[in-house]
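Dumped coords30.cif below, it's mmCIF, N, CA and C atoms:
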data_final
loop_
_atom_site.group_PDB
_atom_site.id
_atom_site.type_symbol
_atom_site.label_atom_id
_atom_site.label_comp_id
_atom_site.auth_asym_id
_atom_site.auth_seq_id
_atom_site.Cartn_x
_atom_site.Cartn_y
_atom_site.Cartn_z
ATOM 1 N N MET N 1 9.381 -36.269 39.094
ATOM 2 C CA MET N 1 10.040 -35.188 38.401
ATOM 3 C C MET N 1 9.998 -33.959 39.297
ATOM 4 N N SER N 2 11.129 -33.273 39.389
ATOM 5 C CA SER N 2 11.189 -32.127 40.282
ATOM 6 C C SER N 2 10.419 -30.938 39.700
ATOM 7 N N THR N 3 10.065 -30.029 40.566
ATOM 8 C CA THR N 3 9.321 -28.844 40.151
ATOM 9 C C THR N 3 10.155 -27.995 39.192
ATOM 10 N N LEU N 4 11.441 -27.888 39.455
ATOM 11 C CA LEU N 4 12.318 -27.104 38.588
ATOM 12 C C LEU N 4 12.377 -27.704 37.186
ATOM 13 N N LYS N 5 12.440 -29.020 37.101
ATOM 14 C CA LYS N 5 12.498 -29.679 35.805
ATOM 15 C C LYS N 5 11.179 -29.482 35.050
ATOM 16 N N LYS N 6 10.060 -29.599 35.753
ATOM 17 C CA LYS N 6 8.757 -29.369 35.129
ATOM 18 C C LYS N 6 8.654 -27.939 34.622
ATOM 19 N N PHE N 7 9.095 -26.998 35.435
ATOM 20 C CA PHE N 7 9.053 -25.594 35.050
ATOM 21 C C PHE N 7 9.938 -25.336 33.830
ATOM 22 N N SER N 8 11.097 -25.961 33.806
ATOM 23 C CA SER N 8 12.014 -25.797 32.666
ATOM 24 C C SER N 8 11.386 -26.332 31.388
ATOM 25 N N ILE N 9 10.785 -27.494 31.457
ATOM 26 C CA ILE N 9 10.137 -28.088 30.281
ATOM 27 C C ILE N 9 8.985 -27.206 29.811
ATOM 28 N N LEU N 10 8.197 -26.709 30.738
ATOM 29 C CA LEU N 10 7.090 -25.825 30.399
ATOM 30 C C LEU N 10 7.595 -24.538 29.756
ATOM 31 N N SER N 11 8.654 -23.964 30.303
ATOM 32 C CA SER N 11 9.220 -22.726 29.760
ATOM 33 C C SER N 11 9.730 -22.922 28.343
ATOM 34 N N VAL N 12 10.458 -24.000 28.116
ATOM 35 C CA VAL N 12 10.984 -24.271 26.782
ATOM 36 C C VAL N 12 9.842 -24.495 25.794
ATOM 37 N N SER N 13 8.831 -25.219 26.220
ATOM 38 C CA SER N 13 7.678 -25.466 25.351
ATOM 39 C C SER N 13 6.974 -24.166 24.975
ATOM 40 N N LEU N 14 6.802 -23.281 25.925
ATOM 41 C CA LEU N 14 6.159 -21.997 25.660
ATOM 42 C C LEU N 14 7.005 -21.127 24.734
ATOM 43 N N LEU N 15 8.309 -21.149 24.920
ATOM 44 C CA LEU N 15 9.184 -20.376 24.043
ATOM 45 C C LEU N 15 9.134 -20.891 22.608
ATOM 46 N N ILE N 16 9.120 -22.189 22.448
ATOM 47 C CA ILE N 16 9.030 -22.775 21.111
ATOM 48 C C ILE N 16 7.695 -22.406 20.471
ATOM 49 N N ALA N 17 6.619 -22.533 21.221
ATOM 50 C CA ALA N 17 5.294 -22.201 20.691
ATOM 51 C C ALA N 17 5.220 -20.723 20.318
ATOM 52 N N ALA N 18 5.746 -19.859 21.157
ATOM 53 C CA ALA N 18 5.736 -18.421 20.870
ATOM 54 C C ALA N 18 6.554 -18.123 19.620
ATOM 55 N N GLY N 19 7.673 -18.802 19.474
ATOM 56 C CA GLY N 19 8.504 -18.608 18.288
ATOM 57 C C GLY N 19 7.789 -19.028 17.023
ATOM 58 N N LEU N 20 7.059 -20.117 17.089
ATOM 59 C CA LEU N 20 6.331 -20.587 15.912
ATOM 60 C C LEU N 20 5.209 -19.637 15.529
ATOM 61 N N PHE N 21 4.509 -19.126 16.505
ATOM 62 C CA PHE N 21 3.413 -18.203 16.219
ATOM 63 C C PHE N 21 3.933 -16.847 15.756
ATOM 64 N N ALA N 22 5.081 -16.437 16.255
ATOM 65 C CA ALA N 22 5.649 -15.152 15.868
ATOM 66 C C ALA N 22 6.099 -15.153 14.414
ATOM 67 N N CYS N 23 6.408 -16.307 13.878
ATOM 68 C CA CYS N 23 6.908 -16.395 12.501
ATOM 69 C C CYS N 23 5.789 -16.493 11.468
ATOM 70 N N GLU N 24 4.558 -16.485 11.882
ATOM 71 C CA GLU N 24 3.443 -16.666 10.960
ATOM 72 C C GLU N 24 3.306 -15.516 9.970
ATOM 73 N N LYS N 25 3.268 -14.285 10.454
ATOM 74 C CA LYS N 25 3.021 -13.139 9.582
ATOM 75 C C LYS N 25 4.335 -12.433 9.259
ATOM 76 N N LYS N 26 4.410 -11.943 8.018
ATOM 77 C CA LYS N 26 5.581 -11.199 7.599
ATOM 78 C C LYS N 26 5.283 -9.716 7.745
ATOM 79 N N GLY N 27 6.202 -9.014 8.370
ATOM 80 C CA GLY N 27 6.051 -7.580 8.525
ATOM 81 C C GLY N 27 6.509 -6.847 7.285
ATOM 82 N N THR N 28 6.308 -5.550 7.297
ATOM 83 C CA THR N 28 6.690 -4.714 6.161
ATOM 84 C C THR N 28 8.186 -4.794 5.904
ATOM 85 N N ALA N 29 8.985 -4.735 6.960
ATOM 86 C CA ALA N 29 10.442 -4.780 6.797
ATOM 87 C C ALA N 29 10.881 -6.113 6.191
ATOM 88 N N GLU N 30 10.261 -7.191 6.601
ATOM 89 C CA GLU N 30 10.618 -8.504 6.064
ATOM 90 C C GLU N 30 10.256 -8.601 4.578
ATOM 91 N N LYS N 31 9.100 -8.058 4.205
ATOM 92 C CA LYS N 31 8.697 -8.076 2.799
ATOM 93 C C LYS N 31 9.659 -7.244 1.954
ATOM 94 N N VAL N 32 10.040 -6.071 2.458
ATOM 95 C CA VAL N 32 10.987 -5.223 1.740
ATOM 96 C C VAL N 32 12.333 -5.940 1.625
ATOM 97 N N GLY N 33 12.751 -6.576 2.692
ATOM 98 C CA GLY N 33 14.007 -7.326 2.679
ATOM 99 C C GLY N 33 13.995 -8.439 1.649
ATOM 100 N N GLU N 34 12.859 -9.130 1.531
ATOM 101 C CA GLU N 34 12.747 -10.201 0.536
ATOM 102 C C GLU N 34 12.825 -9.635 -0.882
ATOM 103 N N LYS N 35 12.196 -8.479 -1.104
ATOM 104 C CA LYS N 35 12.263 -7.852 -2.424
ATOM 105 C C LYS N 35 13.690 -7.434 -2.753
ATOM 106 N N ILE N 36 14.391 -6.898 -1.754
ATOM 107 C CA ILE N 36 15.792 -6.519 -1.963
ATOM 108 C C ILE N 36 16.625 -7.757 -2.287
ATOM 109 N N ASP N 37 16.415 -8.834 -1.535
ATOM 110 C CA ASP N 37 17.139 -10.077 -1.789
ATOM 111 C C ASP N 37 16.894 -10.585 -3.205
ATOM 112 N N LYS N 38 15.644 -10.519 -3.634
ATOM 113 C CA LYS N 38 15.287 -10.991 -4.971
ATOM 114 C C LYS N 38 15.963 -10.130 -6.040
ATOM 115 N N THR N 39 15.960 -8.815 -5.827
ATOM 116 C CA THR N 39 16.586 -7.901 -6.782
ATOM 117 C C THR N 39 18.085 -8.145 -6.865
ATOM 118 N N VAL N 40 18.724 -8.322 -5.718
ATOM 119 C CA VAL N 40 20.164 -8.596 -5.695
ATOM 120 C C VAL N 40 20.459 -9.920 -6.392
ATOM 121 N N GLU N 41 19.641 -10.921 -6.150
ATOM 122 C CA GLU N 41 19.829 -12.225 -6.790
ATOM 123 C C GLU N 41 19.691 -12.113 -8.312
ATOM 124 N N GLN N 42 18.703 -11.355 -8.757
ATOM 125 C CA GLN N 42 18.514 -11.162 -10.199
ATOM 126 C C GLN N 42 19.701 -10.417 -10.810
ATOM 127 N N ALA N 43 20.207 -9.411 -10.109
ATOM 128 C CA ALA N 43 21.363 -8.660 -10.607
ATOM 129 C C ALA N 43 22.580 -9.574 -10.687
ATOM 130 N N LYS N 44 22.746 -10.412 -9.675
ATOM 131 C CA LYS N 44 23.867 -11.352 -9.664
ATOM 132 C C LYS N 44 23.759 -12.317 -10.840
ATOM 133 N N ASP N 45 22.538 -12.774 -11.117
ATOM 134 C CA ASP N 45 22.327 -13.683 -12.252
ATOM 135 C C ASP N 45 22.668 -13.006 -13.573
ATOM 136 N N LYS N 46 22.299 -11.733 -13.708
ATOM 137 C CA LYS N 46 22.594 -11.002 -14.940
ATOM 138 C C LYS N 46 24.108 -10.865 -15.126
ATOM 139 N N VAL N 47 24.822 -10.565 -14.050
ATOM 140 C CA VAL N 47 26.278 -10.455 -14.129
ATOM 141 C C VAL N 47 26.881 -11.801 -14.507
ATOM 142 N N GLN N 48 26.383 -12.874 -13.914
ATOM 143 C CA GLN N 48 26.876 -14.217 -14.240
ATOM 144 C C GLN N 48 26.622 -14.551 -15.709
ATOM 145 N N ASP N 49 25.482 -14.129 -16.238
ATOM 146 C CA ASP N 49 25.171 -14.382 -17.650
ATOM 147 C C ASP N 49 26.196 -13.710 -18.563
ATOM 148 N N VAL N 50 26.648 -12.529 -18.180
ATOM 149 C CA VAL N 50 27.628 -11.809 -18.987
ATOM 150 C C VAL N 50 29.013 -12.426 -18.828
ATOM 151 N N VAL N 51 29.372 -12.736 -17.595
ATOM 152 C CA VAL N 51 30.708 -13.252 -17.309
ATOM 153 C C VAL N 51 30.853 -14.704 -17.753
ATOM 154 N N LYS N 52 29.859 -15.511 -17.454
ATOM 155 C CA LYS N 52 29.924 -16.942 -17.752
ATOM 156 C C LYS N 52 28.571 -17.387 -18.305
ATOM 157 N N PRO N 53 28.405 -17.333 -19.625
ATOM 158 C CA PRO N 53 27.112 -17.722 -20.202
ATOM 159 C C PRO N 53 26.783 -19.189 -19.908
ATOM 160 N N GLU N 54 25.509 -19.457 -19.665
ATOM 161 C CA GLU N 54 25.056 -20.813 -19.366
ATOM 162 C C GLU N 54 24.601 -21.512 -20.638
ATOM 163 N N GLY N 55 24.768 -22.806 -20.631
ATOM 164 C CA GLY N 55 24.264 -23.605 -21.728
ATOM 165 C C GLY N 55 22.801 -23.929 -21.512
ATOM 166 N N PRO N 56 22.183 -24.619 -22.449
ATOM 167 C CA PRO N 56 20.751 -24.917 -22.342
ATOM 168 C C PRO N 56 20.400 -25.802 -21.140
ATOM 169 N N MET N 57 21.275 -26.721 -20.762
ATOM 170 C CA MET N 57 20.975 -27.589 -19.616
ATOM 171 C C MET N 57 21.004 -26.808 -18.305
ATOM 172 N N GLU N 58 21.970 -25.899 -18.171
ATOM 173 C CA GLU N 58 22.037 -25.080 -16.963
ATOM 174 C C GLU N 58 20.804 -24.188 -16.846
ATOM 175 N N LYS N 59 20.382 -23.626 -17.974
ATOM 176 C CA LYS N 59 19.194 -22.765 -17.970
ATOM 177 C C LYS N 59 17.945 -23.561 -17.597
ATOM 178 N N ALA N 60 17.839 -24.786 -18.122
ATOM 179 C CA ALA N 60 16.682 -25.633 -17.803
ATOM 180 C C ALA N 60 16.685 -25.993 -16.321
ATOM 181 N N GLY N 61 17.841 -26.341 -15.794
ATOM 182 C CA GLY N 61 17.952 -26.669 -14.373
ATOM 183 C C GLY N 61 17.594 -25.500 -13.485
ATOM 184 N N LYS N 62 18.041 -24.318 -13.868
ATOM 185 C CA LYS N 62 17.730 -23.120 -13.095
ATOM 186 C C LYS N 62 16.232 -22.831 -13.123
ATOM 187 N N LYS N 63 15.616 -23.011 -14.286
ATOM 188 C CA LYS N 63 14.179 -22.782 -14.413
ATOM 189 C C LYS N 63 13.400 -23.762 -13.529
ATOM 190 N N ILE N 64 13.853 -25.021 -13.491
ATOM 191 C CA ILE N 64 13.211 -26.023 -12.631
ATOM 192 C C ILE N 64 13.338 -25.614 -11.171
ATOM 193 N N ASP N 65 14.537 -25.169 -10.766
ATOM 194 C CA ASP N 65 14.746 -24.723 -9.390
ATOM 195 C C ASP N 65 13.825 -23.557 -9.034
ATOM 196 N N GLU N 66 13.683 -22.598 -9.947
ATOM 197 C CA GLU N 66 12.809 -21.451 -9.692
ATOM 198 C C GLU N 66 11.350 -21.889 -9.565
ATOM 199 N N THR N 67 10.930 -22.845 -10.395
ATOM 200 C CA THR N 67 9.552 -23.344 -10.350
ATOM 201 C C THR N 67 9.274 -24.059 -9.039
ATOM 202 N N VAL N 68 10.237 -24.875 -8.610
ATOM 203 C CA VAL N 68 10.082 -25.593 -7.335
ATOM 204 C C VAL N 68 10.010 -24.599 -6.182
ATOM 205 N N GLU N 69 10.871 -23.596 -6.197
ATOM 206 C CA GLU N 69 10.868 -22.594 -5.135
ATOM 207 C C GLU N 69 9.561 -21.814 -5.112
ATOM 208 N N SER N 70 9.054 -21.488 -6.285
ATOM 209 C CA SER N 70 7.782 -20.775 -6.388
ATOM 210 C C SER N 70 6.632 -21.632 -5.845
ATOM 211 N N ALA N 71 6.675 -22.920 -6.148
ATOM 212 C CA ALA N 71 5.637 -23.829 -5.647
ATOM 213 C C ALA N 71 5.695 -23.927 -4.133
ATOM 214 N N LYS N 72 6.908 -23.968 -3.568
ATOM 215 C CA LYS N 72 7.056 -24.012 -2.110
ATOM 216 C C LYS N 72 6.460 -22.773 -1.461
ATOM 217 N N GLU N 73 6.732 -21.599 -2.066
ATOM 218 C CA GLU N 73 6.229 -20.347 -1.500
ATOM 219 C C GLU N 73 4.704 -20.288 -1.559
ATOM 220 N N SER N 74 4.099 -20.785 -2.663
ATOM 221 C CA SER N 74 2.648 -20.737 -2.743
ATOM 222 C C SER N 74 1.993 -21.732 -1.798
ATOM 223 N N ILE N 75 2.686 -22.805 -1.470
ATOM 224 C CA ILE N 75 2.152 -23.772 -0.501
ATOM 225 C C ILE N 75 2.168 -23.164 0.893
ATOM 226 N N LYS N 76 3.215 -22.392 1.205
ATOM 227 C CA LYS N 76 3.334 -21.741 2.516
ATOM 228 C C LYS N 76 2.218 -20.734 2.756
ATOM 229 N N LYS N 77 1.762 -20.083 1.688
ATOM 230 C CA LYS N 77 0.726 -19.047 1.832
ATOM 231 C C LYS N 77 -0.573 -19.721 2.042
#
Using the file provided, produce a representation of the structure as structure tokens.
Amino acid sequence: MSTLKKFSILSVSLLIAAGLFACEKKGTAEKVGEKIDKTVEQAKDKVQDVVKPEGPMEKAGKKIDETVESAKESIKK
């Protein structure tokens, strides 16, 4: 294997590792962004409730989706 190829593989590996470690902690801006996203999503849901009311099955499905998402987030922490 040539030196250039070895160097390229090493560089890519280091970049991937650095990217993974950089994503570990959430900064203040990211937390604020997530709160904004959540607020916008909730507002959108409220508008949808007024415009197109959901039946009991849709509400149950949505609740299941929210529970699964919440479980995923707590596993990540």
**Message:** To one decimal place in Å, what is the distance between atom CA of N:Gln48 and atom C of N:Ala60?
**Reply:**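 Answer for the atom CA of N:Gln48 to atom C of N:Ala60 separation: 15.7 Å.
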**Request:** Work out how far atom N of N:Leu15 is from atom N of N:Lys35, in Å to one decimal.
**Result:** 29.2 Å
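A straight-line distance of 18.2 Å separates atom N of N:Glu69 from atom CA of N:Lys44.
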**Message:** Going by DSSP on the backbone, which residues of chain N come out as alpha helix (DSSP H)? List them as a PyMOL selection string.
**Reply:** chain N and resi 3-22+28-51+56-76
**Request:** Check the smallest atom-to-atom distance from each of N:Lys46, N:Lys26, N:Lys62, N:Lys6 to N:Lys76 using only C-alpha atoms, then report the winner.
**Result:** N:Lys26
